[in-house]
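What follows is structure20.pdb (PDB, C-alpha atoms).
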ATOM      1  CA  MET G   1      23.317 -78.635 -35.500
ATOM      2  CA  HIS G   2      24.581 -75.084 -35.109
ATOM      3  CA  GLY G   3      22.126 -74.523 -32.267
ATOM      4  CA  GLU G   4      23.208 -77.679 -30.467
ATOM      5  CA  VAL G   5      26.867 -76.717 -30.689
ATOM      6  CA  LEU G   6      26.049 -73.247 -29.427
ATOM      7  CA  LEU G   7      24.202 -74.759 -26.460
ATOM      8  CA  ALA G   8      27.240 -76.904 -25.661
ATOM      9  CA  ASN G   9      29.400 -73.791 -25.821
ATOM     10  CA  ASP G  10      27.046 -71.944 -23.477
ATOM     11  CA  ALA G  11      27.163 -74.848 -21.006
ATOM     12  CA  PHE G  12      30.948 -74.619 -21.017
ATOM     13  CA  TYR G  13      30.875 -70.968 -19.939
ATOM     14  CA  VAL G  14      28.164 -71.596 -17.338
ATOM     15  CA  ALA G  15      30.383 -74.276 -15.766
ATOM     16  CA  PHE G  16      33.498 -72.106 -16.072
ATOM     17  CA  GLU G  17      31.839 -69.085 -14.474
ATOM     18  CA  ALA G  18      30.284 -71.173 -11.677
ATOM     19  CA  GLY G  19      33.575 -72.946 -10.963
ATOM     20  CA  ALA G  20      31.573 -76.158 -11.279
ATOM     21  CA  ILE G  21      34.096 -78.962 -11.685
ATOM     22  CA  ALA G  22      31.463 -81.723 -11.949
ATOM     23  CA  ALA G  23      29.668 -79.896 -14.750
ATOM     24  CA  MET G  24      32.961 -79.173 -16.505
ATOM     25  CA  VAL G  25      33.912 -82.861 -16.280
ATOM     26  CA  ASP G  26      30.549 -83.918 -17.702
ATOM     27  CA  LEU G  27      30.731 -81.724 -20.787
ATOM     28  CA  TRP G  28      34.175 -82.931 -21.932
ATOM     29  CA  ASP G  29      34.876 -86.090 -23.871
ATOM     30  CA  HIS G  30      37.104 -88.220 -21.634
ATOM     31  CA  SER G  31      39.455 -89.402 -24.363
ATOM     32  CA  ASP G  32      43.192 -89.368 -24.910
ATOM     33  CA  GLU G  33      42.667 -87.062 -27.881
ATOM     34  CA  VAL G  34      41.248 -84.010 -26.107
ATOM     35  CA  ILE G  35      43.423 -80.910 -26.048
ATOM     36  CA  CYS G  36      43.314 -77.701 -24.029
ATOM     37  CA  THR G  37      45.369 -74.513 -24.150
ATOM     38  CA  HIS G  38      44.825 -71.917 -21.457
ATOM     39  CA  PRO G  39      46.052 -68.350 -22.121
ATOM     40  CA  GLY G  40      49.830 -68.078 -21.910
ATOM     41  CA  MET G  41      50.244 -71.796 -21.253
ATOM     42  CA  PRO G  42      51.511 -74.779 -23.229
ATOM     43  CA  THR G  43      48.866 -77.140 -24.627
ATOM     44  CA  VAL G  44      47.831 -80.008 -22.359
ATOM     45  CA  ARG G  45      46.627 -83.228 -23.945
ATOM     46  CA  GLY G  46      44.567 -86.237 -22.954
ATOM     47  CA  TRP G  47      41.690 -86.233 -20.499
ATOM     48  CA  ASP G  48      43.786 -86.793 -17.352
ATOM     49  CA  GLU G  49      45.895 -83.692 -17.971
ATOM     50  CA  VAL G  50      42.993 -81.616 -19.255
ATOM     51  CA  ARG G  51      40.891 -82.494 -16.216
ATOM     52  CA  LEU G  52      43.754 -81.580 -13.887
ATOM     53  CA  SER G  53      44.154 -78.199 -15.595
ATOM     54  CA  TRP G  54      40.470 -77.412 -15.041
ATOM     55  CA  GLU G  55      40.580 -78.503 -11.419
ATOM     56  CA  GLN G  56      43.450 -76.113 -10.832
ATOM     57  CA  ILE G  57      41.785 -73.224 -12.653
ATOM     58  CA  LEU G  58      38.332 -73.659 -11.173
ATOM     59  CA  ARG G  59      39.622 -74.133  -7.600
ATOM     60  CA  HIS G  60      42.094 -71.290  -7.652
ATOM     61  CA  GLY G  61      40.690 -68.943 -10.251
ATOM     62  CA  GLY G  62      38.497 -66.928  -7.895
ATOM     63  CA  ASP G  63      35.320 -65.243  -8.938
ATOM     64  CA  MET G  64      35.104 -64.608 -12.640
ATOM     65  CA  GLN G  65      32.214 -63.422 -14.746
ATOM     66  CA  PHE G  66      32.229 -64.202 -18.449
ATOM     67  CA  ILE G  67      30.557 -61.939 -20.941
ATOM     68  CA  VAL G  68      30.820 -64.008 -24.104
ATOM     69  CA  THR G  69      30.431 -62.094 -27.344
ATOM     70  CA  ASP G  70      30.731 -62.620 -31.081
ATOM     71  CA  GLU G  71      30.045 -66.352 -31.069
ATOM     72  CA  ARG G  72      30.309 -68.024 -34.472
ATOM     73  CA  VAL G  73      29.623 -71.683 -35.086
ATOM     74  CA  VAL G  74      31.041 -73.915 -37.804
ATOM     75  CA  VAL G  75      29.840 -77.503 -38.216
ATOM     76  CA  TYR G  76      31.388 -80.218 -40.400
ATOM     77  CA  GLY G  77      29.429 -83.433 -39.921
ATOM     78  CA  ASP G  78      29.942 -84.666 -36.377
ATOM     79  CA  VAL G  79      32.487 -82.013 -35.491
ATOM     80  CA  GLY G  80      31.811 -78.373 -34.730
ATOM     81  CA  TRP G  81      33.628 -75.406 -33.299
ATOM     82  CA  VAL G  82      32.803 -72.036 -31.863
ATOM     83  CA  THR G  83      34.995 -68.968 -31.949
ATOM     84  CA  CYS G  84      34.074 -66.289 -29.450
ATOM     85  CA  THR G  85      35.442 -63.503 -27.319
ATOM     86  CA  GLU G  86      35.575 -63.998 -23.558
ATOM     87  CA  ASN G  87      35.272 -60.665 -21.780
ATOM     88  CA  ILE G  88      36.303 -61.615 -18.253
ATOM     89  CA  ILE G  89      35.396 -59.568 -15.212
ATOM     90  CA  GLY G  90      36.883 -60.521 -11.843
ATOM     91  CA  SER G  91      35.716 -59.621  -8.363
ATOM     92  CA  GLU G  92      38.132 -56.705  -8.459
ATOM     93  CA  GLY G  93      37.261 -55.497 -11.945
ATOM     94  CA  PRO G  94      38.158 -56.336 -15.531
ATOM     95  CA  ARG G  95      40.583 -59.185 -16.020
ATOM     96  CA  GLY G  96      40.947 -58.996 -19.753
ATOM     97  CA  THR G  97      39.852 -60.378 -23.051
ATOM     98  CA  VAL G  98      40.457 -63.832 -24.481
ATOM     99  CA  SER G  99      39.947 -65.087 -28.048
ATOM    100  CA  ALA G 100      38.632 -68.628 -27.692
ATOM    101  CA  LEU G 101      38.218 -71.566 -30.039
ATOM    102  CA  ASN G 102      36.092 -74.370 -28.624
ATOM    103  CA  LEU G 103      35.882 -77.750 -30.365
ATOM    104  CA  PHE G 104      33.028 -80.208 -30.003
ATOM    105  CA  ALA G 105      32.347 -83.695 -31.394
ATOM    106  CA  ARG G 106      29.069 -85.569 -31.444
ATOM    107  CA  SER G 107      29.167 -88.793 -29.468
ATOM    108  CA  ARG G 108      27.344 -92.016 -30.390
ATOM    109  CA  ASP G 109      24.364 -91.034 -28.276
ATOM    110  CA  GLY G 110      24.083 -87.683 -30.037
ATOM    111  CA  ALA G 111      25.545 -85.450 -27.331
ATOM    112  CA  TRP G 112      28.018 -82.754 -28.364
ATOM    113  CA  LEU G 113      31.042 -83.177 -26.099
ATOM    114  CA  MET G 114      33.946 -80.789 -25.807
ATOM    115  CA  VAL G 115      37.118 -82.156 -27.360
ATOM    116  CA  GLY G 116      39.238 -79.017 -27.416
ATOM    117  CA  HIS G 117      39.597 -75.514 -25.988
ATOM    118  CA  HIS G 118      42.160 -72.924 -26.999
ATOM    119  CA  GLY G 119      42.163 -69.558 -25.287
ATOM    120  CA  GLY G 120      44.590 -66.785 -26.170
ATOM    121  CA  GLY G 121      44.842 -63.442 -24.414
ATOM    122  CA  VAL G 122      44.104 -60.344 -26.462
ATOM    123  CA  ALA G 123      46.175 -57.198 -26.116
ATOM    124  CA  SER G 124      46.536 -56.253 -22.463
ATOM    125  CA  LEU G 125      45.781 -59.601 -20.828
ATOM    126  CA  ARG G 126      48.677 -60.931 -18.757
TER     127      ARG G 126
ATOM    128  CA  MET X 127      44.587 -89.719 -42.560
ATOM    129  CA  HIS X 128      46.837 -88.647 -39.731
ATOM    130  CA  GLY X 129      49.805 -88.533 -42.087
ATOM    131  CA  GLU X 130      47.925 -86.423 -44.631
ATOM    132  CA  VAL X 131      46.878 -83.916 -41.983
ATOM    133  CA  LEU X 132      50.429 -83.745 -40.703
ATOM    134  CA  LEU X 133      51.666 -83.052 -44.243
ATOM    135  CA  ALA X 134      49.134 -80.224 -44.556
ATOM    136  CA  ASN X 135      50.377 -78.831 -41.252
ATOM    137  CA  ASP X 136      53.988 -79.019 -42.427
ATOM    138  CA  ALA X 137      53.060 -77.180 -45.644
ATOM    139  CA  PHE X 138      51.532 -74.406 -43.539
ATOM    140  CA  TYR X 139      54.800 -73.840 -41.660
ATOM    141  CA  VAL X 140      56.870 -74.049 -44.836
ATOM    142  CA  ALA X 141      54.733 -71.272 -46.347
ATOM    143  CA  PHE X 142      54.784 -69.255 -43.117
ATOM    144  CA  GLU X 143      58.568 -69.476 -42.759
ATOM    145  CA  ALA X 144      59.153 -68.659 -46.437
ATOM    146  CA  GLY X 145      56.759 -65.698 -46.322
ATOM    147  CA  ALA X 146      55.134 -67.285 -49.374
ATOM    148  CA  ILE X 147      51.753 -65.623 -49.779
ATOM    149  CA  ALA X 148      50.753 -67.656 -52.848
ATOM    150  CA  ALA X 149      51.469 -70.933 -51.060
ATOM    151  CA  MET X 150      49.625 -69.735 -47.963
ATOM    152  CA  VAL X 151      46.612 -68.773 -50.097
ATOM    153  CA  ASP X 152      46.614 -72.182 -51.793
ATOM    154  CA  LEU X 153      46.558 -74.197 -48.593
ATOM    155  CA  TRP X 154      43.543 -72.425 -47.051
ATOM    156  CA  ASP X 155      39.917 -73.129 -47.819
ATOM    157  CA  HIS X 156      38.494 -69.920 -49.307
ATOM    158  CA  SER X 157      35.195 -70.011 -47.475
ATOM    159  CA  ASP X 158      33.267 -67.644 -45.227
ATOM    160  CA  GLU X 159      33.677 -70.115 -42.375
ATOM    161  CA  VAL X 160      37.442 -70.039 -41.960
ATOM    162  CA  ILE X 161      38.782 -68.502 -38.766
ATOM    163  CA  CYS X 162      42.218 -67.287 -37.710
ATOM    164  CA  THR X 163      43.576 -65.969 -34.427
ATOM    165  CA  HIS X 164      47.104 -64.610 -34.346
ATOM    166  CA  PRO X 165      48.838 -64.270 -30.950
ATOM    167  CA  GLY X 166      47.452 -61.370 -28.928
ATOM    168  CA  MET X 167      44.876 -60.521 -31.575
ATOM    169  CA  PRO X 168      41.111 -60.834 -31.934
ATOM    170  CA  THR X 169      39.851 -63.637 -34.156
ATOM    171  CA  VAL X 170      39.376 -62.804 -37.836
ATOM    172  CA  ARG X 171      36.736 -64.662 -39.809
ATOM    173  CA  GLY X 172      35.952 -65.405 -43.418
ATOM    174  CA  TRP X 173      38.503 -65.838 -46.187
ATOM    175  CA  ASP X 174      38.757 -62.160 -47.146
ATOM    176  CA  GLU X 175      39.787 -61.115 -43.627
ATOM    177  CA  VAL X 176      41.935 -64.174 -43.043
ATOM    178  CA  ARG X 177      43.796 -63.621 -46.303
ATOM    179  CA  LEU X 178      44.385 -59.968 -45.422
ATOM    180  CA  SER X 179      45.803 -60.941 -42.026
ATOM    181  CA  TRP X 180      48.295 -63.288 -43.681
ATOM    182  CA  GLU X 181      49.305 -60.712 -46.266
ATOM    183  CA  GLN X 182      50.090 -58.282 -43.456
ATOM    184  CA  ILE X 183      52.022 -60.831 -41.407
ATOM    185  CA  LEU X 184      53.991 -62.331 -44.267
ATOM    186  CA  ARG X 185      54.895 -58.968 -45.782
ATOM    187  CA  HIS X 186      55.854 -57.272 -42.559
ATOM    188  CA  GLY X 187      56.886 -60.148 -40.310
ATOM    189  CA  GLY X 188      60.531 -60.199 -41.313
ATOM    190  CA  ASP X 189      62.672 -63.272 -41.235
ATOM    191  CA  MET X 190      61.328 -65.963 -38.988
ATOM    192  CA  GLN X 191      62.406 -69.539 -38.560
ATOM    193  CA  PHE X 192      59.913 -72.028 -37.154
ATOM    194  CA  ILE X 193      61.041 -75.007 -35.167
ATOM    195  CA  VAL X 194      57.776 -76.901 -34.775
ATOM    196  CA  THR X 195      57.709 -79.446 -31.971
ATOM    197  CA  ASP X 196      55.282 -81.750 -30.219
ATOM    198  CA  GLU X 197      52.864 -82.138 -33.122
ATOM    199  CA  ARG X 198      49.776 -84.200 -32.333
ATOM    200  CA  VAL X 199      47.075 -85.004 -34.846
ATOM    201  CA  VAL X 200      43.411 -85.769 -34.205
ATOM    202  CA  VAL X 201      41.103 -86.814 -37.047
ATOM    203  CA  TYR X 202      37.309 -87.091 -36.955
ATOM    204  CA  GLY X 203      36.077 -88.114 -40.379
ATOM    205  CA  ASP X 204      36.749 -85.303 -42.822
ATOM    206  CA  VAL X 205      38.019 -82.899 -40.174
ATOM    207  CA  GLY X 206      41.372 -82.980 -38.454
ATOM    208  CA  TRP X 207      43.467 -80.749 -36.260
ATOM    209  CA  VAL X 208      47.044 -80.490 -35.154
ATOM    210  CA  THR X 209      48.267 -79.032 -31.890
ATOM    211  CA  CYS X 210      51.924 -78.101 -31.847
ATOM    212  CA  THR X 211      54.455 -75.733 -30.376
ATOM    213  CA  GLU X 212      55.955 -73.054 -32.613
ATOM    214  CA  ASN X 213      59.446 -72.160 -31.446
ATOM    215  CA  ILE X 214      60.095 -68.992 -33.400
ATOM    216  CA  ILE X 215      63.566 -67.640 -34.087
ATOM    217  CA  GLY X 216      63.924 -64.240 -35.706
ATOM    218  CA  SER X 217      66.884 -62.768 -37.528
ATOM    219  CA  GLU X 218      67.894 -61.121 -34.255
ATOM    220  CA  GLY X 219      67.392 -64.171 -32.049
ATOM    221  CA  PRO X 220      64.533 -65.930 -30.263
ATOM    222  CA  ARG X 221      61.124 -64.400 -30.719
ATOM    223  CA  GLY X 222      59.160 -66.663 -28.457
ATOM    224  CA  THR X 223      56.957 -69.679 -28.227
ATOM    225  CA  VAL X 224      53.418 -70.110 -29.510
ATOM    226  CA  SER X 225      50.905 -72.871 -28.764
ATOM    227  CA  ALA X 226      49.067 -73.486 -32.017
ATOM    228  CA  LEU X 227      45.913 -75.297 -33.003
ATOM    229  CA  ASN X 228      45.529 -75.806 -36.751
ATOM    230  CA  LEU X 229      42.255 -77.046 -38.239
ATOM    231  CA  PHE X 230      41.916 -78.831 -41.573
ATOM    232  CA  ALA X 231      38.946 -80.169 -43.539
ATOM    233  CA  ARG X 232      39.003 -82.557 -46.478
ATOM    234  CA  SER X 233      37.617 -81.056 -49.649
ATOM    235  CA  ARG X 234      35.593 -82.906 -52.288
ATOM    236  CA  ASP X 235      38.732 -83.676 -54.269
ATOM    237  CA  GLY X 236      40.404 -85.202 -51.206
ATOM    238  CA  ALA X 237      42.787 -82.360 -50.357
ATOM    239  CA  TRP X 238      43.124 -81.314 -46.728
ATOM    240  CA  LEU X 239      42.620 -77.545 -46.647
ATOM    241  CA  MET X 240      43.228 -75.276 -43.679
ATOM    242  CA  VAL X 241      40.002 -73.973 -42.164
ATOM    243  CA  GLY X 242      41.336 -72.539 -38.915
ATOM    244  CA  HIS X 243      44.474 -71.407 -37.108
ATOM    245  CA  HIS X 244      44.704 -70.297 -33.498
ATOM    246  CA  GLY X 245      48.043 -69.239 -32.093
ATOM    247  CA  GLY X 246      48.548 -68.137 -28.503
ATOM    248  CA  GLY X 247      51.788 -66.856 -27.012
ATOM    249  CA  VAL X 248      53.342 -68.897 -24.229
ATOM    250  CA  ALA X 249      54.883 -67.272 -21.180
ATOM    251  CA  SER X 250      57.299 -64.553 -22.234
ATOM    252  CA  LEU X 251      55.991 -63.843 -25.741
ATOM    253  CA  ARG X 252      54.701 -60.317 -26.120
TER     254      ARG X 252
END

As structure tokens, how would this structure be written, given the file I've shared?
Amino acid sequence: MHGEVLLANDAFYVAFEAGAIAAMVDLWDHSDEVICTHPGMPTVRGWDEVRLSWEQILRHGGDMQFIVTDERVVVYGDVGWVTCTENIIGSEGPRGTVSALNLFARSRDGAWLMVGHHGGGVASLR
Amino acid sequence: MHGEVLLANDAFYVAFEAGAIAAMVDLWDHSDEVICTHPGMPTVRGWDEVRLSWEQILRHGGDMQFIVTDERVVVYGDVGWVTCTENIIGSEGPRGTVSALNLFARSRDGAWLMVGHHGGGVASLR
């Protein structure tokens, strides 16, 4: 289970880094219960709002490279979460560091879908 | 279940606001898997580190009043989480706004224990 959750977490950062909206859409659960908090922002809730937030970030975020470190997985039954550090490098150099908590739930067909993301800037991130 | 998780979340803010270390200790699960991210800080993991972080915050945080708004609960089996907004007022006035995600898991005896907290500053919080 831990490995499957870690793979789902990796897929999230691959989609984020690539700015791939379709991939990002596919890896989220499309329910009213999903939640997402981007650094410095209020929490958005429900798939419609969460999807919109990703469209805005991925379309306007520019080139970003994610070096994800210190991943730790916790699994309780059909729910799992990963805490990790996002070391973000932009096209013009370092952008900062984010402490992330990514939540996943196993769907009926066995896929681990993202149900929550909470990113908070560390130290110098603005 | 939603009501029980909400009560656990309320107990967390009562302990936080009161600076009550013993109450804060009692409401957390004391396992290696707990995680905690305070605003602007790296994630700390495992009960020993998490407990230390709370001791530091509650002893040195000064007077804080929490006005918690916009609580939403999600429950998947024996795991639940609450997203909410912490409107924090200090003894010298507003301190800022934090988007929080609080994770709880039901223990064998039926109690909902805290297993994760992730707070991220919104907008003007430094």

### Message
I need the output of the ChimeraX specification (/X :<12) & /G for this file as a ChimeraX atom specification; which residues are they?
### Response
/G:31-46,69-87,96-107,115-126

What would the file look like if the residues just selected were written as a PDB file, in the coordinates of the input with C-alpha atoms?
ATOM      1  CA  SER G  31      39.455 -89.402 -24.363  1.00  0.00           C
ATOM      2  CA  ASP G  32      43.192 -89.368 -24.910  1.00  0.00           C
ATOM      3  CA  GLU G  33      42.667 -87.062 -27.881  1.00  0.00           C
ATOM      4  CA  VAL G  34      41.248 -84.010 -26.107  1.00  0.00           C
ATOM      5  CA  ILE G  35      43.423 -80.910 -26.048  1.00  0.00           C
ATOM      6  CA  CYS G  36      43.314 -77.701 -24.029  1.00  0.00           C
ATOM      7  CA  THR G  37      45.369 -74.513 -24.150  1.00  0.00           C
ATOM      8  CA  HIS G  38      44.825 -71.917 -21.457  1.00  0.00           C
ATOM      9  CA  PRO G  39      46.052 -68.350 -22.121  1.00  0.00           C
ATOM     10  CA  GLY G  40      49.830 -68.078 -21.910  1.00  0.00           C
ATOM     11  CA  MET G  41      50.244 -71.796 -21.253  1.00  0.00           C
ATOM     12  CA  PRO G  42      51.511 -74.779 -23.229  1.00  0.00           C
ATOM     13  CA  THR G  43      48.866 -77.140 -24.627  1.00  0.00           C
ATOM     14  CA  VAL G  44      47.831 -80.008 -22.359  1.00  0.00           C
ATOM     15  CA  ARG G  45      46.627 -83.228 -23.945  1.00  0.00           C
ATOM     16  CA  GLY G  46      44.567 -86.237 -22.954  1.00  0.00           C
ATOM     17  CA  THR G  69      30.431 -62.094 -27.344  1.00  0.00           C
ATOM     18  CA  ASP G  70      30.731 -62.620 -31.081  1.00  0.00           C
ATOM     19  CA  GLU G  71      30.045 -66.352 -31.069  1.00  0.00           C
ATOM     20  CA  ARG G  72      30.309 -68.024 -34.472  1.00  0.00           C
ATOM     21  CA  VAL G  73      29.623 -71.683 -35.086  1.00  0.00           C
ATOM     22  CA  VAL G  74      31.041 -73.915 -37.804  1.00  0.00           C
ATOM     23  CA  VAL G  75      29.840 -77.503 -38.216  1.00  0.00           C
ATOM     24  CA  TYR G  76      31.388 -80.218 -40.400  1.00  0.00           C
ATOM     25  CA  GLY G  77      29.429 -83.433 -39.921  1.00  0.00           C
ATOM     26  CA  ASP G  78      29.942 -84.666 -36.377  1.00  0.00           C
ATOM     27  CA  VAL G  79      32.487 -82.013 -35.491  1.00  0.00           C
ATOM     28  CA  GLY G  80      31.811 -78.373 -34.730  1.00  0.00           C
ATOM     29  CA  TRP G  81      33.628 -75.406 -33.299  1.00  0.00           C
ATOM     30  CA  VAL G  82      32.803 -72.036 -31.863  1.00  0.00           C
ATOM     31  CA  THR G  83      34.995 -68.968 -31.949  1.00  0.00           C
ATOM     32  CA  CYS G  84      34.074 -66.289 -29.450  1.00  0.00           C
ATOM     33  CA  THR G  85      35.442 -63.503 -27.319  1.00  0.00           C
ATOM     34  CA  GLU G  86      35.575 -63.998 -23.558  1.00  0.00           C
ATOM     35  CA  ASN G  87      35.272 -60.665 -21.780  1.00  0.00           C
ATOM     36  CA  GLY G  96      40.947 -58.996 -19.753  1.00  0.00           C
ATOM     37  CA  THR G  97      39.852 -60.378 -23.051  1.00  0.00           C
ATOM     38  CA  VAL G  98      40.457 -63.832 -24.481  1.00  0.00           C
ATOM     39  CA  SER G  99      39.947 -65.087 -28.048  1.00  0.00           C
ATOM     40  CA  ALA G 100      38.632 -68.628 -27.692  1.00  0.00           C
ATOM     41  CA  LEU G 101      38.218 -71.566 -30.039  1.00  0.00           C
ATOM     42  CA  ASN G 102      36.092 -74.370 -28.624  1.00  0.00           C
ATOM     43  CA  LEU G 103      35.882 -77.750 -30.365  1.00  0.00           C
ATOM     44  CA  PHE G 104      33.028 -80.208 -30.003  1.00  0.00           C
ATOM     45  CA  ALA G 105      32.347 -83.695 -31.394  1.00  0.00           C
ATOM     46  CA  ARG G 106      29.069 -85.569 -31.444  1.00  0.00           C
ATOM     47  CA  SER G 107      29.167 -88.793 -29.468  1.00  0.00           C
ATOM     48  CA  VAL G 115      37.118 -82.156 -27.360  1.00  0.00           C
ATOM     49  CA  GLY G 116      39.238 -79.017 -27.416  1.00  0.00           C
ATOM     50  CA  HIS G 117      39.597 -75.514 -25.988  1.00  0.00           C
ATOM     51  CA  HIS G 118      42.160 -72.924 -26.999  1.00  0.00           C
ATOM     52  CA  GLY G 119      42.163 -69.558 -25.287  1.00  0.00           C
ATOM     53  CA  GLY G 120      44.590 -66.785 -26.170  1.00  0.00           C
ATOM     54  CA  GLY G 121      44.842 -63.442 -24.414  1.00  0.00           C
ATOM     55  CA  VAL G 122      44.104 -60.344 -26.462  1.00  0.00           C
ATOM     56  CA  ALA G 123      46.175 -57.198 -26.116  1.00  0.00           C
ATOM     57  CA  SER G 124      46.536 -56.253 -22.463  1.00  0.00           C
ATOM     58  CA  LEU G 125      45.781 -59.601 -20.828  1.00  0.00           C
ATOM     59  CA  ARG G 126      48.677 -60.931 -18.757  1.00  0.00           C
TER      60      ARG G 126
END

Chain G on chain X, least-squares, complete ordered Cα pairing, as a compact mmCIF listing (two decimals) with C-alpha atoms, in the frame of the given file:
# COMPACT_ATOMS: atom_id res chain seq x y z
CA MET G 1 44.58 -89.73 -42.59
CA HIS G 2 46.82 -88.64 -39.73
CA GLY G 3 49.78 -88.52 -42.10
CA GLU G 4 47.91 -86.41 -44.63
CA VAL G 5 46.87 -83.91 -41.99
CA LEU G 6 50.42 -83.76 -40.71
CA LEU G 7 51.66 -83.05 -44.24
CA ALA G 8 49.14 -80.22 -44.56
CA ASN G 9 50.38 -78.83 -41.25
CA ASP G 10 53.99 -79.02 -42.43
CA ALA G 11 53.07 -77.17 -45.64
CA PHE G 12 51.54 -74.41 -43.53
CA TYR G 13 54.81 -73.84 -41.65
CA VAL G 14 56.89 -74.03 -44.83
CA ALA G 15 54.74 -71.26 -46.34
CA PHE G 16 54.78 -69.25 -43.11
CA GLU G 17 58.56 -69.47 -42.74
CA ALA G 18 59.16 -68.64 -46.42
CA GLY G 19 56.76 -65.70 -46.31
CA ALA G 20 55.13 -67.28 -49.36
CA ILE G 21 51.74 -65.63 -49.76
CA ALA G 22 50.76 -67.66 -52.85
CA ALA G 23 51.46 -70.93 -51.06
CA MET G 24 49.62 -69.73 -47.96
CA VAL G 25 46.61 -68.77 -50.10
CA ASP G 26 46.61 -72.17 -51.80
CA LEU G 27 46.55 -74.20 -48.59
CA TRP G 28 43.54 -72.42 -47.05
CA ASP G 29 39.92 -73.13 -47.82
CA HIS G 30 38.51 -69.92 -49.30
CA SER G 31 35.19 -70.02 -47.46
CA ASP G 32 33.27 -67.65 -45.23
CA GLU G 33 33.67 -70.12 -42.38
CA VAL G 34 37.45 -70.05 -41.96
CA ILE G 35 38.78 -68.50 -38.77
CA CYS G 36 42.21 -67.30 -37.70
CA THR G 37 43.57 -65.97 -34.42
CA HIS G 38 47.10 -64.62 -34.34
CA PRO G 39 48.82 -64.27 -30.94
CA GLY G 40 47.44 -61.37 -28.93
CA MET G 41 44.87 -60.51 -31.59
CA PRO G 42 41.10 -60.84 -31.93
CA THR G 43 39.84 -63.66 -34.16
CA VAL G 44 39.36 -62.79 -37.83
CA ARG G 45 36.73 -64.66 -39.80
CA GLY G 46 35.95 -65.41 -43.43
CA TRP G 47 38.50 -65.84 -46.19
CA ASP G 48 38.77 -62.15 -47.14
CA GLU G 49 39.78 -61.12 -43.62
CA VAL G 50 41.94 -64.18 -43.03
CA ARG G 51 43.79 -63.63 -46.30
CA LEU G 52 44.38 -59.97 -45.43
CA SER G 53 45.80 -60.94 -42.03
CA TRP G 54 48.31 -63.29 -43.67
CA GLU G 55 49.32 -60.71 -46.26
CA GLN G 56 50.09 -58.28 -43.47
CA ILE G 57 52.02 -60.82 -41.40
CA LEU G 58 54.00 -62.33 -44.25
CA ARG G 59 54.91 -58.94 -45.78
CA HIS G 60 55.86 -57.25 -42.55
CA GLY G 61 56.87 -60.12 -40.31
CA GLY G 62 60.54 -60.18 -41.30
CA ASP G 63 62.66 -63.27 -41.24
CA MET G 64 61.32 -65.96 -38.98
CA GLN G 65 62.40 -69.54 -38.56
CA PHE G 66 59.92 -72.03 -37.14
CA ILE G 67 61.05 -75.01 -35.15
CA VAL G 68 57.79 -76.91 -34.77
CA THR G 69 57.71 -79.45 -31.97
CA ASP G 70 55.27 -81.76 -30.21
CA GLU G 71 52.85 -82.15 -33.11
CA ARG G 72 49.76 -84.22 -32.33
CA VAL G 73 47.07 -85.03 -34.85
CA VAL G 74 43.40 -85.77 -34.21
CA VAL G 75 41.10 -86.83 -37.05
CA TYR G 76 37.30 -87.10 -36.96
CA GLY G 77 36.06 -88.12 -40.40
CA ASP G 78 36.75 -85.29 -42.83
CA VAL G 79 38.01 -82.90 -40.19
CA GLY G 80 41.37 -82.99 -38.46
CA TRP G 81 43.47 -80.77 -36.26
CA VAL G 82 47.04 -80.50 -35.14
CA THR G 83 48.27 -79.04 -31.89
CA CYS G 84 51.92 -78.09 -31.85
CA THR G 85 54.45 -75.72 -30.37
CA GLU G 86 55.96 -73.06 -32.61
CA ASN G 87 59.45 -72.17 -31.43
CA ILE G 88 60.10 -68.99 -33.39
CA ILE G 89 63.57 -67.64 -34.06
CA GLY G 90 63.93 -64.23 -35.71
CA SER G 91 66.90 -62.75 -37.52
CA GLU G 92 67.91 -61.13 -34.25
CA GLY G 93 67.39 -64.17 -32.05
CA PRO G 94 64.54 -65.93 -30.28
CA ARG G 95 61.11 -64.40 -30.71
CA GLY G 96 59.17 -66.68 -28.44
CA THR G 97 56.96 -69.68 -28.22
CA VAL G 98 53.42 -70.11 -29.50
CA SER G 99 50.90 -72.87 -28.75
CA ALA G 100 49.08 -73.49 -32.02
CA LEU G 101 45.90 -75.30 -33.00
CA ASN G 102 45.52 -75.82 -36.74
CA LEU G 103 42.25 -77.06 -38.23
CA PHE G 104 41.91 -78.83 -41.56
CA ALA G 105 38.94 -80.17 -43.55
CA ARG G 106 39.01 -82.55 -46.48
CA SER G 107 37.62 -81.04 -49.65
CA ARG G 108 35.60 -82.91 -52.30
CA ASP G 109 38.73 -83.69 -54.27
CA GLY G 110 40.41 -85.19 -51.21
CA ALA G 111 42.78 -82.34 -50.36
CA TRP G 112 43.12 -81.31 -46.72
CA LEU G 113 42.62 -77.54 -46.64
CA MET G 114 43.23 -75.29 -43.68
CA VAL G 115 40.01 -73.98 -42.17
CA GLY G 116 41.33 -72.56 -38.91
CA HIS G 117 44.47 -71.42 -37.10
CA HIS G 118 44.71 -70.31 -33.49
CA GLY G 119 48.05 -69.24 -32.10
CA GLY G 120 48.55 -68.14 -28.51
CA GLY G 121 51.78 -66.86 -27.02
CA VAL G 122 53.33 -68.89 -24.22
CA ALA G 123 54.89 -67.23 -21.20
CA SER G 124 57.30 -64.51 -22.29
CA LEU G 125 56.02 -63.85 -25.81
CA ARG G 126 54.81 -60.28 -26.31

### Query
Could you list as JSON, numbers by chain every residue that has an atom within 12 Å of (31.7, -87.8, -21.5), using the file's coordinates and counting all atoms listed in the file?
{"G": [22, 23, 24, 25, 26, 27, 28, 29, 30, 31, 34, 47, 51, 104, 105, 106, 107, 108, 109, 110, 111, 112, 113, 114, 115]}

### Task
Just say which residues the PyMOL selection byres ((chain X and resi 180) around 10) picks in this file, as a ChimeraX atom specification.
/X:142,145-147,150-151,162,164,175-179,181-187

### Query
Mind pulling up the distance from atom CA of His2 of chain G to atom CA of Ala18 of chain G?
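According to the coordinates, atom CA of Ala18 of chain G and atom CA of His2 of chain G are separated by 24.4 Å.
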